2 protein chains.
Amino acid sequence: MKIQLKDALSFIDSNTYNQTFDDVTKAHQALLDKSIPGNEFLGWVEVNAVDEPTLKTIQATAKRLQEAVDVLVVVGIGGSYLGAQAALQALKPYFPKEGVEILFAGHHMSGLYMTELLEYLDNKRYAINVISKSGTTTEPALAFRLLKNHLEARLGEAAKDYIIATTDGSKGALRTLADEQGYESYVVPDDIGGRYSVFSAVGLVPMAVAGIDVEAFIKGAQAGYETYRVPAKDNPAMLYAATRQSLYRLGKKIEMFVHYEPKLHFTAEWWKQLFGESEGKDGQGIFVSSAGFSTDLHSLGQMIQEGEKIFFETVLSIDTPLSNLTIPSDQDNLDGLNYLAGETLDAVNEKAQIATRIAHVDGDVPNLVLSLPTLDAYHYGQLLYFYCFACAISGAASGVNPFDQPGVEAYKVNMFALLGKPGFEKETQAIKARIKK
Amino acid sequence: MKIQLKDALSFIDSNTYNQTFDDVTKAHQALLDKSIPGNEFLGWVEVNAVDEPTLKTIQATAKRLQEAVDVLVVVGIGGSYLGAQAALQALKPYFPKEGVEILFAGHHMSGLYMTELLEYLDNKRYAINVISKSGTTTEPALAFRLLKNHLEARLGEAAKDYIIATTDGSKGALRTLADEQGYESYVVPDDIGGRYSVFSAVGLVPMAVAGIDVEAFIKGAQAGYETYRVPAKDNPAMLYAATRQSLYRLGKKIEMFVHYEPKLHFTAEWWKQLFGESEGKDGQGIFVSSAGFSTDLHSLGQMIQEGEKIFFETVLSIDTPLSNLTIPSDQDNLDGLNYLAGETLDAVNEKAQIATRIAHVDGDVPNLVLSLPTLDAYHYGQLLYFYCFACAISGAASGVNPFDQPGVEAYKVNMFALLGKPGFEKETQAIKARIKK
């Protein structure tokens, strides 16, 4: 991981930066000596949630399923879904020719999606990986009920061999069910929050089934830990944290995650959860947003270039071309593109990136560039770890607990009240009275 | 289209609202009497860009391709891509069982995507719909070169029967090529900008090939025109424009487009282009953002509930359930969800929507709700028209020309300079000197 900040730093006075870097340095220290707010959730830091034997078991499971099924349906929401979704999209082909198809469910409550998914599965051999710490989160629990019924209707008793539960190690609804039914199961550790869980079985099981080298992915993250744990002025995670917090203090309210490779779309979504949920609290926090270029230069580009300047951009750049597809010459050259003949498409894409960065900086948009050497399992593991580490110290430097999410409960309480969930009788009465008005 | 504003209006004082509504009323008048800034681009207003015979031709083309190919590759970017993508996702099944598969290209410059797409097409019968006013926009022109070569290598002369050009009526590179080669072709009207073009051949050709009822789509939009042209305090387009501009004047810098049905993802992307590109200029404009719930309640929910309150939400709600999938009872009820047995998933999703709205308003987030009666071609056409109409008067009320996009050129000039495009020699020299520093 390299990070280039020159275009961002020109927007930050050295006083602000130095003060912020001091705060980041303290947060970095607090993360490593475990005095950071939310220190009961540091199980991800040393990237050791999955031990060697468990990793082997995951790989064996993956191999078994690769031979037995066409589809794996991953049931989860939030942190139990986004890490795997991001990694699968980033590391698998755009148009896969082989391997297990990975589909998701329980990440929303569209009845139409679920209806059509069940119909689609009618003609497929499939397995389910249900991921939920408690087993009672409404969205995945509802989807799992429907899928489990569907699979049992087809396979009877044998359905249990095609259900893998990733859940609490000792308690909760899904743990009880898994133990009773004899599902293969993995543990969601107590000391890792959802958005930091991609290096645990939560992320690794779907990735392994999809054929991703999870060992390399873990090794990349571990290498990240060894790098980012060392405090330094040029520690990329500290630099990123200090730069974005400086910009926020100077009135840049929004960070826009930008990439130039469509398969990084869900990496941006994962990043938005990580930073938005870690920092958006106590009435403060950088508002998270994302864009895929050059696609969105033709949609959001105008607003970025000439709109209100309350945001900055962080570009995730991939240093090595992912393809050598070359632009052909054309006899008639009506489109006037022969000056690019013989160039690769990736080289033109890279020029677009440099060009845009200059244009946006000229338009008063601070630009940070994160450079990833290449897009493979090892470097992708390091990238996601980089974000986790930077997020923890960035959040703590801003004065919040980067590991809790107290605000997520508000809509759930209202929803349980509206749905008439047992135990919420008082809330039901209150909300119904309120709606009537 | 209905619009509910009560939760938003409680955040707006009546002075601000009344003043803003006056500005919107003037913009509404200016749109209809064609005195609005950018009045050379009003070809979309009366929804008559495609006449009856052309619509019949589009439908005949669609029928021909439905019988002849497996895949249609739509080549376009920005407004030449997002409208069709949005409509296809909204109106086609999640898991299509039949019909022509619609893929996109030329909407970015990933060499990897293009490489894999060409490999995928090796085994498919396919046609190309290339959409570009000029025919020289870099992204689609490069993709079209590659695809045209690929198709001609397979079919030779006959390739021309599988290429449909949607382009300028009389001039430009693609018009010349289409006329020379005898491609079937459609017109991108001179008086309709890209982001307002979904009701022209730009949007209609791919939709028709995908089997969408384009006649109903157009009729819905025309019904929208008849409704929104009438000035009134409760005209939904005027209400939406006045409310969002009032909130912006009161310091709400970001609008978050929210939906509860994943197939509205690209509708949000289309909306972001429409409003971001129309309003983000002259150093002002609402920053556009989007979220899909309940998915993103588990990622962005914390930030929305407790982060810095510089945004408001506009929820696109669908009034009629799209599915009657029912939650089954479970003997053991370990997940505690039997209290929902017999309910539909859509009913629970609706309760989540009401619950979230109350929670977010309690958390000081103004909420607007747009209600769409149902999700079919007719109502979807009306919805997109609603947004176009509201956007035009909202932008004009904010004091900008809602039909231009001068800021989009900045990165292009830099890119042409970096790529060494003929005619940009001076810019090439300047940018190279600059990068060296």
# chains A, B, ... in the order shown; residues from 1 in each chain; ligands from 1
>>> interface_residues(of="chain B", to="chain A", cutoff="6 Å", atoms="only C-alpha atoms", output="ChimeraX atom specification")
/B:78,107-112,136,173,261,273,276-277,280-285,294-295,298-303,305-308,322-323,325,334-335,345-346,349,352,355-356,359,405,407-408,410-411,414-415
>>> select_by_dssp(residues="stretch 108-347 of chain A", states="alpha helix (DSSP H)", output="PyMOL selection string")
chain A and resi 111-121+138-155+173-181+201-209+214-228+236-249+265-279+301-306+345-347
>>> write_last_selection(atoms="C-alpha atoms", output="mmCIF file, in the first residue's frame")
data_model
loop_
_atom_site.group_PDB
_atom_site.id
_atom_site.type_symbol
_atom_site.label_atom_id
_atom_site.label_comp_id
_atom_site.auth_asym_id
_atom_site.auth_seq_id
_atom_site.Cartn_x
_atom_site.Cartn_y
_atom_site.Cartn_z
ATOM 1 C CA GLY A 111 -40.421 -10.340 -1.409
ATOM 2 C CA LEU A 112 -40.013 -10.249 -5.174
ATOM 3 C CA TYR A 113 -36.277 -10.947 -4.997
ATOM 4 C CA MET A 114 -36.838 -13.842 -2.612
ATOM 5 C CA THR A 115 -39.651 -15.302 -4.739
ATOM 6 C CA GLU A 116 -37.524 -15.249 -7.861
ATOM 7 C CA LEU A 117 -34.452 -16.545 -6.031
ATOM 8 C CA LEU A 118 -36.398 -19.580 -4.793
ATOM 9 C CA GLU A 119 -37.676 -20.235 -8.326
ATOM 10 C CA TYR A 120 -34.142 -19.948 -9.673
ATOM 11 C CA LEU A 121 -32.921 -22.420 -7.060
ATOM 12 C CA THR A 138 -34.900 -10.022 11.115
ATOM 13 C CA GLU A 139 -33.691 -9.885 7.492
ATOM 14 C CA PRO A 140 -31.368 -12.934 7.420
ATOM 15 C CA ALA A 141 -33.557 -14.934 9.817
ATOM 16 C CA LEU A 142 -36.575 -14.499 7.519
ATOM 17 C CA ALA A 143 -34.573 -15.413 4.426
ATOM 18 C CA PHE A 144 -33.074 -18.420 6.146
ATOM 19 C CA ARG A 145 -36.515 -19.704 7.164
ATOM 20 C CA LEU A 146 -37.628 -19.589 3.553
ATOM 21 C CA LEU A 147 -34.453 -21.130 2.159
ATOM 22 C CA LYS A 148 -34.256 -23.853 4.786
ATOM 23 C CA ASN A 149 -37.870 -24.842 4.054
ATOM 24 C CA HIS A 150 -37.110 -24.892 0.344
ATOM 25 C CA LEU A 151 -34.011 -27.056 0.751
ATOM 26 C CA GLU A 152 -35.655 -29.442 3.231
ATOM 27 C CA ALA A 153 -38.646 -29.860 0.933
ATOM 28 C CA ARG A 154 -36.229 -31.132 -1.678
ATOM 29 C CA LEU A 155 -33.635 -33.053 0.321
ATOM 30 C CA ALA A 173 -30.770 -19.165 18.153
ATOM 31 C CA LEU A 174 -28.575 -20.155 15.235
ATOM 32 C CA ARG A 175 -25.936 -21.822 17.448
ATOM 33 C CA THR A 176 -28.673 -23.898 19.098
ATOM 34 C CA LEU A 177 -30.162 -24.876 15.746
ATOM 35 C CA ALA A 178 -26.756 -25.732 14.258
ATOM 36 C CA ASP A 179 -25.893 -27.955 17.224
ATOM 37 C CA GLU A 180 -29.303 -29.638 17.238
ATOM 38 C CA GLN A 181 -29.319 -30.296 13.508
ATOM 39 C CA ALA A 201 -15.023 -17.184 9.061
ATOM 40 C CA VAL A 202 -17.710 -14.596 8.236
ATOM 41 C CA GLY A 203 -15.777 -13.532 5.156
ATOM 42 C CA LEU A 204 -13.577 -16.539 4.569
ATOM 43 C CA VAL A 205 -16.164 -19.292 4.071
ATOM 44 C CA PRO A 206 -17.942 -17.728 1.058
ATOM 45 C CA MET A 207 -14.602 -16.612 -0.375
ATOM 46 C CA ALA A 208 -13.134 -20.109 -0.104
ATOM 47 C CA VAL A 209 -16.182 -21.706 -1.741
ATOM 48 C CA VAL A 214 -8.042 -17.269 1.490
ATOM 49 C CA GLU A 215 -4.601 -18.114 2.824
ATOM 50 C CA ALA A 216 -3.039 -15.407 0.674
ATOM 51 C CA PHE A 217 -5.830 -13.025 1.675
ATOM 52 C CA ILE A 218 -5.054 -13.581 5.383
ATOM 53 C CA LYS A 219 -1.295 -13.315 4.784
ATOM 54 C CA GLY A 220 -1.807 -9.960 3.078
ATOM 55 C CA ALA A 221 -3.777 -8.681 6.058
ATOM 56 C CA GLN A 222 -1.120 -9.942 8.468
ATOM 57 C CA ALA A 223 1.565 -8.167 6.463
ATOM 58 C CA GLY A 224 -0.582 -5.052 6.786
ATOM 59 C CA TYR A 225 -0.600 -5.413 10.552
ATOM 60 C CA GLU A 226 3.195 -5.716 10.654
ATOM 61 C CA THR A 227 3.502 -2.533 8.576
ATOM 62 C CA TYR A 228 0.818 -0.317 10.083
ATOM 63 C CA PRO A 236 0.097 4.949 5.214
ATOM 64 C CA ALA A 237 -2.734 4.196 7.653
ATOM 65 C CA MET A 238 -1.732 7.099 9.908
ATOM 66 C CA LEU A 239 -1.313 9.387 6.903
ATOM 67 C CA TYR A 240 -4.743 8.509 5.569
ATOM 68 C CA ALA A 241 -6.378 8.956 8.980
ATOM 69 C CA ALA A 242 -4.651 12.289 9.627
ATOM 70 C CA THR A 243 -5.358 13.668 6.157
ATOM 71 C CA ARG A 244 -9.059 12.856 6.105
ATOM 72 C CA GLN A 245 -9.586 14.090 9.663
ATOM 73 C CA SER A 246 -7.692 17.300 8.844
ATOM 74 C CA LEU A 247 -9.906 17.882 5.827
ATOM 75 C CA TYR A 248 -13.002 17.275 7.943
ATOM 76 C CA ARG A 249 -11.815 19.797 10.511
ATOM 77 C CA HIS A 265 -18.036 -1.254 -6.587
ATOM 78 C CA PHE A 266 -18.721 -3.390 -3.532
ATOM 79 C CA THR A 267 -15.335 -2.542 -2.043
ATOM 80 C CA ALA A 268 -16.689 1.002 -1.923
ATOM 81 C CA GLU A 269 -19.894 -0.249 -0.302
ATOM 82 C CA TRP A 270 -17.869 -2.171 2.296
ATOM 83 C CA TRP A 271 -15.720 0.918 2.904
ATOM 84 C CA LYS A 272 -18.839 3.050 3.395
ATOM 85 C CA GLN A 273 -20.103 0.748 6.128
ATOM 86 C CA LEU A 274 -16.698 0.590 7.784
ATOM 87 C CA PHE A 275 -16.144 4.328 7.988
ATOM 88 C CA GLY A 276 -19.747 5.529 8.163
ATOM 89 C CA GLU A 277 -20.692 3.206 11.003
ATOM 90 C CA SER A 278 -17.412 3.741 12.867
ATOM 91 C CA GLU A 279 -17.354 7.531 12.704
ATOM 92 C CA GLY A 301 -18.471 14.804 -12.864
ATOM 93 C CA GLN A 302 -20.225 18.139 -13.343
ATOM 94 C CA MET A 303 -21.200 18.365 -9.662
ATOM 95 C CA ILE A 304 -17.708 17.383 -8.551
ATOM 96 C CA GLN A 305 -16.040 19.891 -10.831
ATOM 97 C CA GLU A 306 -18.288 22.895 -10.236
ATOM 98 C CA LEU A 345 -7.399 0.255 -22.784
ATOM 99 C CA ASP A 346 -5.884 0.166 -19.288
ATOM 100 C CA ALA A 347 -3.258 2.738 -20.278
#
>>> closest_atom_pairs(of="stretch 328-423 of chain B", to="stretch 21-42 of chain B", cutoff="9 Å", atoms="only C-alpha atoms", output="CSV")
residue,atom,partner,partner_atom,distance
B:Phe389,CA,B:His28,CA,8.9
B:Ala390,CA,B:His28,CA,8.9
B:Ala392,CA,B:Leu31,CA,7.6
B:Ile393,CA,B:Ala27,CA,5.1
B:Ser394,CA,B:Val24,CA,6.4
B:Gly395,CA,B:Ala27,CA,8.5
B:Ala396,CA,B:Ala27,CA,5.6
B:Ala397,CA,B:Val24,CA,5.1
B:Ser398,CA,B:Asp23,CA,7.9
B:Gly399,CA,B:Pro37,CA,8.9
B:Val400,CA,B:Pro37,CA,7.5
B:Asn401,CA,B:Pro37,CA,4.9
B:Pro402,CA,B:Gly38,CA,6.9
B:Phe403,CA,B:Gly38,CA,5.4
B:Asp404,CA,B:Gly38,CA,6.8
>>> residues_around(residues="B:Ala87", least_positions_apart="2", cutoff="9 Å", atoms="only C-alpha atoms", output="MDAnalysis selection string")
chainID B and resid 82:85 89:92 198 203 207 212 264 266:267 377 380:381
>>> write_last_selection(atoms="all heavy atoms", output="compact mmCIF listing (two decimals), in the first residue's frame")
# COMPACT_ATOMS: atom_id res chain seq x y z
N LEU B 82 -27.54 5.34 -18.66
CA LEU B 82 -28.18 5.18 -17.35
C LEU B 82 -29.70 5.00 -17.43
O LEU B 82 -30.27 4.26 -16.61
CB LEU B 82 -27.82 6.35 -16.45
CG LEU B 82 -26.49 6.20 -15.72
CD1 LEU B 82 -26.07 7.52 -15.09
CD2 LEU B 82 -26.58 5.12 -14.64
N GLY B 83 -30.36 5.66 -18.37
CA GLY B 83 -31.81 5.55 -18.44
C GLY B 83 -32.23 4.13 -18.76
O GLY B 83 -33.09 3.54 -18.08
N ALA B 84 -31.62 3.54 -19.78
CA ALA B 84 -31.95 2.17 -20.15
C ALA B 84 -31.57 1.21 -19.03
O ALA B 84 -32.34 0.31 -18.66
CB ALA B 84 -31.24 1.78 -21.44
N GLN B 85 -30.41 1.40 -18.44
CA GLN B 85 -29.97 0.52 -17.35
C GLN B 85 -30.96 0.57 -16.19
O GLN B 85 -31.32 -0.45 -15.62
CB GLN B 85 -28.55 0.95 -16.91
CG GLN B 85 -28.00 0.28 -15.67
CD GLN B 85 -27.73 -1.19 -15.86
OE1 GLN B 85 -28.65 -2.02 -15.85
NE2 GLN B 85 -26.48 -1.54 -16.00
N GLN B 89 -33.39 -2.66 -15.13
CA GLN B 89 -33.31 -3.26 -13.81
C GLN B 89 -34.65 -3.19 -13.09
O GLN B 89 -35.07 -4.14 -12.44
CB GLN B 89 -32.22 -2.58 -12.98
CG GLN B 89 -31.93 -3.32 -11.69
CD GLN B 89 -31.05 -2.53 -10.75
OE1 GLN B 89 -31.21 -1.32 -10.59
NE2 GLN B 89 -30.10 -3.20 -10.14
N ALA B 90 -35.33 -2.04 -13.21
CA ALA B 90 -36.58 -1.85 -12.48
C ALA B 90 -37.70 -2.74 -13.02
O ALA B 90 -38.55 -3.20 -12.25
CB ALA B 90 -37.00 -0.38 -12.55
N LEU B 91 -37.70 -2.98 -14.33
CA LEU B 91 -38.88 -3.60 -14.94
C LEU B 91 -38.68 -5.06 -15.35
O LEU B 91 -39.64 -5.74 -15.71
CB LEU B 91 -39.34 -2.76 -16.14
CG LEU B 91 -39.77 -1.32 -15.77
CD1 LEU B 91 -40.06 -0.50 -17.02
CD2 LEU B 91 -40.99 -1.33 -14.85
N LYS B 92 -37.45 -5.54 -15.34
CA LYS B 92 -37.22 -6.94 -15.69
C LYS B 92 -37.05 -7.76 -14.40
O LYS B 92 -36.74 -7.21 -13.34
CB LYS B 92 -35.95 -7.07 -16.54
CG LYS B 92 -36.02 -6.33 -17.87
CD LYS B 92 -37.05 -6.91 -18.82
CE LYS B 92 -36.66 -8.29 -19.31
NZ LYS B 92 -37.76 -8.86 -20.15
N VAL B 198 -34.14 9.61 -21.85
CA VAL B 198 -34.64 8.24 -21.73
C VAL B 198 -35.93 8.00 -22.52
O VAL B 198 -36.22 6.87 -22.91
CB VAL B 198 -34.80 7.86 -20.24
CG1 VAL B 198 -35.90 8.68 -19.56
CG2 VAL B 198 -35.04 6.37 -20.06
N GLY B 203 -33.21 5.65 -24.89
CA GLY B 203 -33.68 4.72 -23.87
C GLY B 203 -34.57 3.63 -24.43
O GLY B 203 -34.55 2.49 -23.97
N MET B 207 -34.74 -0.88 -24.20
CA MET B 207 -35.90 -1.32 -23.43
C MET B 207 -36.80 -2.22 -24.26
O MET B 207 -37.28 -3.26 -23.78
CB MET B 207 -36.69 -0.10 -22.93
CG MET B 207 -36.02 0.64 -21.79
SD MET B 207 -36.77 2.28 -21.49
CE MET B 207 -38.35 1.79 -20.82
N ILE B 212 -39.66 -4.75 -22.74
CA ILE B 212 -40.45 -3.80 -21.94
C ILE B 212 -41.47 -3.10 -22.83
O ILE B 212 -41.20 -2.81 -23.99
CB ILE B 212 -39.51 -2.76 -21.27
CG1 ILE B 212 -38.66 -3.48 -20.21
CG2 ILE B 212 -40.29 -1.62 -20.65
CD1 ILE B 212 -37.55 -2.65 -19.64
N LEU B 264 -34.25 -1.00 -7.71
CA LEU B 264 -34.24 0.45 -7.94
C LEU B 264 -32.85 1.06 -7.80
O LEU B 264 -32.68 2.28 -7.81
CB LEU B 264 -35.24 1.14 -7.00
CG LEU B 264 -36.70 0.75 -7.23
CD1 LEU B 264 -37.61 1.34 -6.16
CD2 LEU B 264 -37.18 1.19 -8.61
N PHE B 266 -30.30 1.22 -9.89
CA PHE B 266 -29.88 2.06 -11.02
C PHE B 266 -30.82 3.24 -11.27
O PHE B 266 -30.44 4.20 -11.95
CB PHE B 266 -29.66 1.23 -12.29
CG PHE B 266 -28.30 0.60 -12.33
CD1 PHE B 266 -28.13 -0.76 -12.12
CD2 PHE B 266 -27.17 1.38 -12.55
CE1 PHE B 266 -26.86 -1.33 -12.13
CE2 PHE B 266 -25.90 0.81 -12.57
CZ PHE B 266 -25.74 -0.55 -12.35
N THR B 267 -32.04 3.14 -10.74
CA THR B 267 -32.90 4.33 -10.77
C THR B 267 -32.24 5.43 -9.94
O THR B 267 -32.23 6.60 -10.33
CB THR B 267 -34.30 3.98 -10.23
OG1 THR B 267 -34.84 2.90 -10.99
CG2 THR B 267 -35.24 5.18 -10.31
N ALA B 377 -44.39 -0.53 -16.43
CA ALA B 377 -43.80 0.37 -17.43
C ALA B 377 -44.48 1.74 -17.42
O ALA B 377 -43.82 2.77 -17.50
CB ALA B 377 -43.88 -0.27 -18.82
N TYR B 380 -43.56 3.60 -14.19
CA TYR B 380 -42.12 3.90 -14.18
C TYR B 380 -41.82 5.05 -15.15
O TYR B 380 -40.99 5.92 -14.85
CB TYR B 380 -41.32 2.63 -14.55
CG TYR B 380 -39.86 2.81 -14.26
CD1 TYR B 380 -39.39 2.80 -12.95
CD2 TYR B 380 -38.94 3.00 -15.29
CE1 TYR B 380 -38.04 2.99 -12.67
CE2 TYR B 380 -37.60 3.18 -15.03
CZ TYR B 380 -37.15 3.17 -13.72
OH TYR B 380 -35.82 3.36 -13.45
N GLY B 381 -42.51 5.06 -16.28
CA GLY B 381 -42.36 6.18 -17.22
C GLY B 381 -42.78 7.49 -16.57
O GLY B 381 -42.11 8.52 -16.70
>>> closest_residue(among="B:Thr57, B:Gln66, B:Ser197, B:Gln331", to="B:Tyr162", atoms="only C-alpha atoms")
B:Gln66
>>> atom_distance(atom1="atom CA of B:Ile318", atom2="atom CA of B:Leu5")
16.0 Å
>>> atom_distance(atom1="atom CA of A:Lys171", atom2="atom CA of A:Arg64")
27.3 Å
>>> atom_distance(atom1="atom CA of A:His259", atom2="atom CA of B:Cys391")
27.7 Å
>>> select_by_dssp(residues="stretch 36-232 of chain B", states="strand (DSSP E or B)", output="list in words")
Val71, Leu72, Val73, Val74, Val75, Glu101, Ile102, Leu103, Phe104, Ala105, Tyr126, Ala127, Ile128, Asn129, Val130, Ile131, Ile163, Ile164, Ala165, Thr166, Thr167, Glu184, Ser185, Tyr186 and Val187 of chain B
>>> residues_around(residues="A:Ile128", least_positions_apart="6", cutoff="6 Å", atoms="only C-alpha atoms", output="ChimeraX atom specification")
/A:72-74,163
>>> write_last_selection(atoms="all heavy atoms", output="PDB file, in the first residue's frame")
ATOM      1  N   LEU A  72     -23.970 -21.329  -4.057  1.00  0.00           N
ATOM      2  CA  LEU A  72     -23.973 -21.123  -2.607  1.00  0.00           C
ATOM      3  C   LEU A  72     -24.766 -19.851  -2.333  1.00  0.00           C
ATOM      4  O   LEU A  72     -24.450 -18.782  -2.879  1.00  0.00           O
ATOM      5  CB  LEU A  72     -22.550 -20.968  -2.060  1.00  0.00           C
ATOM      6  CG  LEU A  72     -22.471 -20.652  -0.558  1.00  0.00           C
ATOM      7  CD1 LEU A  72     -22.851 -21.868   0.288  1.00  0.00           C
ATOM      8  CD2 LEU A  72     -21.086 -20.142  -0.166  1.00  0.00           C
ATOM      9  N   VAL A  73     -25.802 -19.978  -1.505  1.00  0.00           N
ATOM     10  CA  VAL A  73     -26.552 -18.787  -1.115  1.00  0.00           C
ATOM     11  C   VAL A  73     -26.022 -18.320   0.239  1.00  0.00           C
ATOM     12  O   VAL A  73     -26.104 -19.043   1.231  1.00  0.00           O
ATOM     13  CB  VAL A  73     -28.065 -19.076  -1.010  1.00  0.00           C
ATOM     14  CG1 VAL A  73     -28.823 -17.782  -0.708  1.00  0.00           C
ATOM     15  CG2 VAL A  73     -28.580 -19.704  -2.291  1.00  0.00           C
ATOM     16  N   VAL A  74     -25.462 -17.150   0.263  1.00  0.00           N
ATOM     17  CA  VAL A  74     -24.931 -16.577   1.497  1.00  0.00           C
ATOM     18  C   VAL A  74     -26.018 -15.701   2.109  1.00  0.00           C
ATOM     19  O   VAL A  74     -26.504 -14.763   1.470  1.00  0.00           O
ATOM     20  CB  VAL A  74     -23.661 -15.749   1.229  1.00  0.00           C
ATOM     21  CG1 VAL A  74     -23.158 -15.114   2.521  1.00  0.00           C
ATOM     22  CG2 VAL A  74     -22.581 -16.625   0.605  1.00  0.00           C
ATOM     23  N   ILE A 163     -26.129 -27.025   4.715  1.00  0.00           N
ATOM     24  CA  ILE A 163     -26.304 -25.771   5.461  1.00  0.00           C
ATOM     25  C   ILE A 163     -25.085 -25.567   6.353  1.00  0.00           C
ATOM     26  O   ILE A 163     -24.720 -26.454   7.127  1.00  0.00           O
ATOM     27  CB  ILE A 163     -27.587 -25.793   6.319  1.00  0.00           C
ATOM     28  CG1 ILE A 163     -28.815 -25.951   5.408  1.00  0.00           C
ATOM     29  CG2 ILE A 163     -27.697 -24.514   7.156  1.00  0.00           C
ATOM     30  CD1 ILE A 163     -30.141 -26.057   6.149  1.00  0.00           C
TER      31      ILE A 163
END
